[in-house]
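Chemist: Sharing a structure here in structure tokens format.
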Amino acid sequence: MPSHASDLTTGRPRRSYDQFCALARALDSIGDRWTLLIVRELLAGPRRYTDLHADLPGVSTDMLAARLKHMEAEGLAERRRQPKPASGYVYELTERGRTLLPALTALAAWGAPALGKPRPTDAVRAHWWALPLRDAVRRAVGQEAVGTVDIVLPEGVFHLRLDAAPEGPVYAEGAAPEGAGARLELDADACAALADGSLTLADAVSAGTVRVGGCDRWVRELRKD
């Protein structure tokens, strides 16, 4: 069970809203800076500490370590040794941690209209579009859709799993190793428009803003629009 007794790095009583409210309890667990972004990264599956640090520009090593310990104590993530021949440890979400997927998807949709254009100080990673694009695809083809989609952006390539409640990674870097049923090629402007709902996937494909390929049934349907 999650522990609310003390801060793991200082031993002092950890801050709590001390409200008998489900939202307040949730924020006790995930309301600290960086925690939800770590969840975003771990939705890609097990990650090494160094990989997490690389994809969370701006977080200090001490802060990342503290947040990971907090997430372990809250039952959101766990640390385990990699099986041989690999060495070292990885962090991964627990079942409870993976249930945050709908909440992160909703928060990404809520934040999309505020994106605007990238600021000079903004870091960019292709896979940061994974949750908004997964949501856009599922809205276009049905929430019960299954399959794998390769996403090709100028900044990089990653693939999505459309399963409603995948037990494994929701997305991962690179093209799907087993071969994807669909492939979408687009740029950051198209990603932003799909994320904030100002453009549907069907309209984007029809206009040529998104180039679609693959063998899934819904790919053929999108091409007809």
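Labels used: A, B, ... for chains in the order of the structure tokens, numbers from 1 for residues in each chain, and numbers from 1 for ligands as shown.
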Applying 9 Å and only C-alpha atoms, which residues near Leu186 (chain A) remain after dropping the ones on its own chain fewer than 2 positions away? List them as a VMD selection string.
Modeler: chain A and resid 151 to 154 184 188 to 191 209 to 211
Chemist: Given only C-alpha atoms, how would the per-residue table for region 17-115 of chain A near region 163-179 of chain A read, listing every residue at most 12 Å away with its closest atom pair and distance in Å to one decimal, sorted by chain and number, as JSON lines?
Modeler:
```
{"residue": "A:Val39", "atom": "CA", "partner": "A:Val170", "partner_atom": "CA", "distance": 11.4}
{"residue": "A:Arg40", "atom": "CA", "partner": "A:Val170", "partner_atom": "CA", "distance": 9.7}
{"residue": "A:Glu41", "atom": "CA", "partner": "A:Tyr171", "partner_atom": "CA", "distance": 9.4}
{"residue": "A:Leu42", "atom": "CA", "partner": "A:Pro169", "partner_atom": "CA", "distance": 8.0}
{"residue": "A:Leu43", "atom": "CA", "partner": "A:Pro169", "partner_atom": "CA", "distance": 5.5}
{"residue": "A:Ala44", "atom": "CA", "partner": "A:Pro169", "partner_atom": "CA", "distance": 4.7}
{"residue": "A:Gly45", "atom": "CA", "partner": "A:Pro169", "partner_atom": "CA", "distance": 4.6}
{"residue": "A:Pro46", "atom": "CA", "partner": "A:Pro169", "partner_atom": "CA", "distance": 8.3}
{"residue": "A:Arg47", "atom": "CA", "partner": "A:Ala172", "partner_atom": "CA", "distance": 10.7}
{"residue": "A:Asp51", "atom": "CA", "partner": "A:Glu173", "partner_atom": "CA", "distance": 11.9}
{"residue": "A:Asp55", "atom": "CA", "partner": "A:Glu173", "partner_atom": "CA", "distance": 11.8}
{"residue": "A:Glu92", "atom": "CA", "partner": "A:Pro169", "partner_atom": "CA", "distance": 9.7}
{"residue": "A:Leu93", "atom": "CA", "partner": "A:Pro169", "partner_atom": "CA", "distance": 9.6}
{"residue": "A:Thr94", "atom": "CA", "partner": "A:Glu167", "partner_atom": "CA", "distance": 9.9}
{"residue": "A:Glu95", "atom": "CA", "partner": "A:Glu167", "partner_atom": "CA", "distance": 8.0}
{"residue": "A:Arg96", "atom": "CA", "partner": "A:Glu167", "partner_atom": "CA", "distance": 11.1}
{"residue": "A:Gly97", "atom": "CA", "partner": "A:Glu167", "partner_atom": "CA", "distance": 11.1}
{"residue": "A:Arg98", "atom": "CA", "partner": "A:Glu167", "partner_atom": "CA", "distance": 8.0}
{"residue": "A:Thr99", "atom": "CA", "partner": "A:Ala165", "partner_atom": "CA", "distance": 8.3}
{"residue": "A:Leu100", "atom": "CA", "partner": "A:Ala165", "partner_atom": "CA", "distance": 10.7}
{"residue": "A:Leu101", "atom": "CA", "partner": "A:Ala165", "partner_atom": "CA", "distance": 8.6}
{"residue": "A:Pro102", "atom": "CA", "partner": "A:Ala165", "partner_atom": "CA", "distance": 9.4}
{"residue": "A:Thr105", "atom": "CA", "partner": "A:Val170", "partner_atom": "CA", "distance": 11.4}
```
Chemist: Which residues, written as a PyMOL selection string, have at least one atom at most 12 Å from region 201-208 of chain A, with only C-alpha atoms counted and residues fewer than 2 positions away on the same chain left out?
Modeler: chain A and resi 132-141+183-187+189-199+210-213+218-225
Chemist: Just N, CA and C atoms for this one: save the residues we selected as an mmCIF file, in the first residue's frame.
Modeler:
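The new file selection-v3.cif reads:
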```cif
data_model
loop_
_atom_site.group_PDB
_atom_site.id
_atom_site.type_symbol
_atom_site.label_atom_id
_atom_site.label_comp_id
_atom_site.auth_asym_id
_atom_site.auth_seq_id
_atom_site.Cartn_x
_atom_site.Cartn_y
_atom_site.Cartn_z
ATOM 1 N N PRO A 132 -1.133 12.190 -27.530
ATOM 2 C CA PRO A 132 -2.113 12.890 -28.354
ATOM 3 C C PRO A 132 -2.429 12.186 -29.670
ATOM 4 N N LEU A 133 -1.407 11.640 -30.335
ATOM 5 C CA LEU A 133 -1.654 10.978 -31.616
ATOM 6 C C LEU A 133 -2.392 9.662 -31.430
ATOM 7 N N ARG A 134 -2.077 8.934 -30.377
ATOM 8 C CA ARG A 134 -2.822 7.703 -30.096
ATOM 9 C C ARG A 134 -4.299 8.023 -29.888
ATOM 10 N N ASP A 135 -4.574 9.098 -29.159
ATOM 11 C CA ASP A 135 -5.954 9.507 -28.925
ATOM 12 C C ASP A 135 -6.631 9.912 -30.230
ATOM 13 N N ALA A 136 -5.934 10.655 -31.079
ATOM 14 C CA ALA A 136 -6.507 11.093 -32.356
ATOM 15 C C ALA A 136 -6.827 9.910 -33.260
ATOM 16 N N VAL A 137 -5.926 8.934 -33.295
ATOM 17 C CA VAL A 137 -6.162 7.751 -34.128
ATOM 18 C C VAL A 137 -7.355 6.955 -33.605
ATOM 19 N N ARG A 138 -7.410 6.771 -32.297
ATOM 20 C CA ARG A 138 -8.511 5.986 -31.723
ATOM 21 C C ARG A 138 -9.845 6.702 -31.893
ATOM 22 N N ARG A 139 -9.855 8.029 -31.857
ATOM 23 C CA ARG A 139 -11.091 8.770 -32.110
ATOM 24 C C ARG A 139 -11.533 8.588 -33.561
ATOM 25 N N ALA A 140 -10.559 8.471 -34.466
ATOM 26 C CA ALA A 140 -10.889 8.346 -35.880
ATOM 27 C C ALA A 140 -11.360 6.948 -36.257
ATOM 28 N N VAL A 141 -10.778 5.926 -35.659
ATOM 29 C CA VAL A 141 -11.041 4.558 -36.102
ATOM 30 C C VAL A 141 -11.833 3.737 -35.094
ATOM 31 N N ARG A 183 0.907 3.214 -41.036
ATOM 32 C CA ARG A 183 2.047 4.131 -40.958
ATOM 33 C C ARG A 183 1.542 5.530 -41.261
ATOM 34 N N LEU A 184 1.802 6.462 -40.356
ATOM 35 C CA LEU A 184 1.405 7.853 -40.546
ATOM 36 C C LEU A 184 2.652 8.725 -40.622
ATOM 37 N N GLU A 185 2.734 9.550 -41.660
ATOM 38 C CA GLU A 185 3.822 10.505 -41.811
ATOM 39 C C GLU A 185 3.238 11.910 -41.713
ATOM 40 N N LEU A 186 3.786 12.732 -40.824
ATOM 41 C CA LEU A 186 3.261 14.073 -40.594
ATOM 42 C C LEU A 186 4.321 14.926 -39.918
ATOM 43 N N ASP A 187 3.980 16.221 -39.727
ATOM 44 C CA ASP A 187 4.922 17.108 -39.060
ATOM 45 C C ASP A 187 4.323 17.624 -37.756
ATOM 46 N N ASP A 189 3.222 20.575 -36.882
ATOM 47 C CA ASP A 189 2.012 21.381 -37.015
ATOM 48 C C ASP A 189 0.778 20.489 -37.119
ATOM 49 N N ALA A 190 0.888 19.411 -37.884
ATOM 50 C CA ALA A 190 -0.235 18.475 -38.006
ATOM 51 C C ALA A 190 -0.486 17.782 -36.673
ATOM 52 N N CYS A 191 0.581 17.433 -35.970
ATOM 53 C CA CYS A 191 0.425 16.815 -34.643
ATOM 54 C C CYS A 191 -0.350 17.735 -33.712
ATOM 55 N N ALA A 192 0.016 19.016 -33.706
ATOM 56 C CA ALA A 192 -0.638 19.975 -32.814
ATOM 57 C C ALA A 192 -2.109 20.128 -33.173
ATOM 58 N N ALA A 193 -2.431 20.178 -34.461
ATOM 59 C CA ALA A 193 -3.819 20.325 -34.886
ATOM 60 C C ALA A 193 -4.648 19.086 -34.537
ATOM 61 N N LEU A 194 -4.060 17.913 -34.696
ATOM 62 C CA LEU A 194 -4.753 16.684 -34.301
ATOM 63 C C LEU A 194 -4.939 16.629 -32.792
ATOM 64 N N ALA A 195 -3.940 17.095 -32.062
ATOM 65 C CA ALA A 195 -3.991 17.034 -30.604
ATOM 66 C C ALA A 195 -5.061 17.954 -30.033
ATOM 67 N N ASP A 196 -5.209 19.168 -30.592
ATOM 68 C CA ASP A 196 -6.189 20.096 -30.031
ATOM 69 C C ASP A 196 -7.572 19.961 -30.652
ATOM 70 N N GLY A 197 -7.721 19.027 -31.591
ATOM 71 C CA GLY A 197 -9.032 18.760 -32.162
ATOM 72 C C GLY A 197 -9.440 19.681 -33.285
ATOM 73 N N SER A 198 -8.560 20.594 -33.705
ATOM 74 C CA SER A 198 -8.917 21.487 -34.799
ATOM 75 C C SER A 198 -8.827 20.802 -36.161
ATOM 76 N N LEU A 199 -8.272 19.602 -36.192
ATOM 77 C CA LEU A 199 -8.151 18.819 -37.417
ATOM 78 C C LEU A 199 -8.412 17.359 -37.079
ATOM 79 N N VAL A 210 -1.508 14.552 -43.587
ATOM 80 C CA VAL A 210 -0.997 13.290 -43.041
ATOM 81 C C VAL A 210 -0.979 12.280 -44.170
ATOM 82 N N ARG A 211 0.137 11.639 -44.371
ATOM 83 C CA ARG A 211 0.265 10.601 -45.380
ATOM 84 C C ARG A 211 0.148 9.251 -44.693
ATOM 85 N N VAL A 212 -0.773 8.426 -45.169
ATOM 86 C CA VAL A 212 -1.085 7.177 -44.488
ATOM 87 C C VAL A 212 -0.783 5.991 -45.388
ATOM 88 N N GLY A 213 -0.238 4.957 -44.806
ATOM 89 C CA GLY A 213 0.012 3.719 -45.529
ATOM 90 C C GLY A 213 -0.207 2.544 -44.608
ATOM 91 N N TRP A 218 -8.940 0.118 -41.443
ATOM 92 C CA TRP A 218 -9.248 1.538 -41.299
ATOM 93 C C TRP A 218 -8.341 2.417 -42.139
ATOM 94 N N VAL A 219 -7.165 1.920 -42.507
ATOM 95 C CA VAL A 219 -6.296 2.665 -43.415
ATOM 96 C C VAL A 219 -6.982 2.813 -44.767
ATOM 97 N N ARG A 220 -7.571 1.729 -45.252
ATOM 98 C CA ARG A 220 -8.286 1.775 -46.530
ATOM 99 C C ARG A 220 -9.468 2.725 -46.452
ATOM 100 N N GLU A 221 -10.153 2.735 -45.316
ATOM 101 C CA GLU A 221 -11.296 3.633 -45.160
ATOM 102 C C GLU A 221 -10.851 5.090 -45.161
ATOM 103 N N LEU A 222 -9.754 5.390 -44.505
ATOM 104 C CA LEU A 222 -9.258 6.763 -44.468
ATOM 105 C C LEU A 222 -8.841 7.234 -45.864
ATOM 106 N N ARG A 223 -8.280 6.356 -46.644
ATOM 107 C CA ARG A 223 -7.835 6.722 -47.986
ATOM 108 C C ARG A 223 -8.993 7.072 -48.895
ATOM 109 N N LYS A 224 -10.187 6.547 -48.601
ATOM 110 C CA LYS A 224 -11.353 6.803 -49.446
ATOM 111 C C LYS A 224 -11.939 8.174 -49.198
ATOM 112 N N ASP A 225 -11.666 8.770 -48.004
ATOM 113 C CA ASP A 225 -12.304 10.039 -47.663
ATOM 114 C C ASP A 225 -11.758 11.194 -48.510
#
```
Chemist: Using DSSP on the backbone coordinates, identify the residues of region 102-139 of chain A assigned to helix (DSSP H, G or I); present them as number ranges by chain.
Modeler: A: 102-114, 126-139
Chemist: Can you work out the spacing between CA of Ala77 (chain A) and CA of Trp34 (chain A) in Å, to one decimal?
Modeler: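 CA of Trp34 (chain A) lies 14.0 Å from CA of Ala77 (chain A).
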Chemist: Pull the strand (DSSP E) assignments for region 89-159 of chain A out of DSSP run on the backbone, and list those residues as a list of chain:residue names.
Modeler: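 Here is the list: A:Tyr89, A:Val90, A:Tyr91, A:Glu92, A:Leu93, A:Thr148, A:Val149, A:Asp150, A:Ile151, A:Val152, A:Leu153, A:Gly156, A:Val157, A:Phe158, A:His159.
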Chemist: Set the distance at 10 Å and use only C-alpha atoms: which residues neighbour Tyr49 (chain A) once local chain neighbours fewer than 3 positions away are removed? I'd like the list as number ranges by chain.
Modeler: A: 46, 52-54, 61, 64-65, 68, 79, 88-91
Chemist: Save out the residues we just selected, N, CA and C atoms, as a compact mmCIF listing (two decimals), in the first residue's frame.
Modeler:
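Ended up saving to out_21.txt:
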```txt
# COMPACT_ATOMS: atom_id res chain seq x y z
N PRO A 46 9.79 -0.51 -19.75
CA PRO A 46 10.91 -0.36 -18.81
C PRO A 46 11.98 0.57 -19.35
N LEU A 52 15.82 7.70 -18.81
CA LEU A 52 14.82 8.63 -18.28
C LEU A 52 15.40 10.03 -18.16
N HIS A 53 16.60 10.13 -17.63
CA HIS A 53 17.23 11.43 -17.45
C HIS A 53 17.43 12.12 -18.80
N ALA A 54 17.80 11.36 -19.82
CA ALA A 54 18.03 11.94 -21.14
C ALA A 54 16.76 12.49 -21.76
N THR A 61 19.52 15.18 -11.40
CA THR A 61 19.65 13.77 -11.04
C THR A 61 19.05 13.49 -9.66
N LEU A 64 15.18 13.51 -9.99
CA LEU A 64 14.68 12.31 -10.66
C LEU A 64 14.74 11.11 -9.72
N ALA A 65 15.84 10.97 -9.01
CA ALA A 65 15.96 9.86 -8.06
C ALA A 65 14.89 9.94 -6.98
N LEU A 68 11.45 9.00 -8.42
CA LEU A 68 11.33 7.56 -8.67
C LEU A 68 11.12 6.81 -7.35
N ARG A 79 11.40 -0.93 -9.45
CA ARG A 79 12.77 -1.06 -9.97
C ARG A 79 13.13 -2.53 -9.95
N GLY A 88 22.40 -4.12 -15.01
CA GLY A 88 21.83 -2.92 -14.44
C GLY A 88 20.35 -3.07 -14.14
N TYR A 89 19.71 -1.94 -13.82
CA TYR A 89 18.32 -1.92 -13.40
C TYR A 89 17.48 -1.08 -14.34
N VAL A 90 16.21 -1.39 -14.35
CA VAL A 90 15.24 -0.58 -15.09
C VAL A 90 14.08 -0.23 -14.15
N TYR A 91 13.37 0.83 -14.51
CA TYR A 91 12.14 1.20 -13.83
C TYR A 91 10.97 0.94 -14.77
```
Chemist: At what distance in Å, to one decimal, does CA of Ser16 (chain A) lie from CA of Leu37 (chain A)?
Modeler: 20.3 Å
Chemist: My list of candidates is A:Ile38, A:Ala130, A:Leu23, A:Leu162. Which is closest to His70 (chain A) when distances are computed with only C-alpha atoms?
Modeler: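 Between A:Ile38, A:Ala130, A:Leu23, A:Leu162, the residue approaching His70 (chain A) most closely is A:Ile38.
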Chemist: Could you state the separation of CA of Glu74 (chain A) and CA of Asp28 (chain A) in Å, given to one decimal place?
Modeler: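 Taking CA of Glu74 (chain A) and CA of Asp28 (chain A), their separation equals 9.5 Å.
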Chemist: Under the rule that only C-alpha atoms are counted, which of A:Gly116, A:Arg48, A:Leu160, A:Ala103 is the nearest residue to Trp129 (chain A)?
Modeler: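 Nearest to Trp129 (chain A): A:Leu160.
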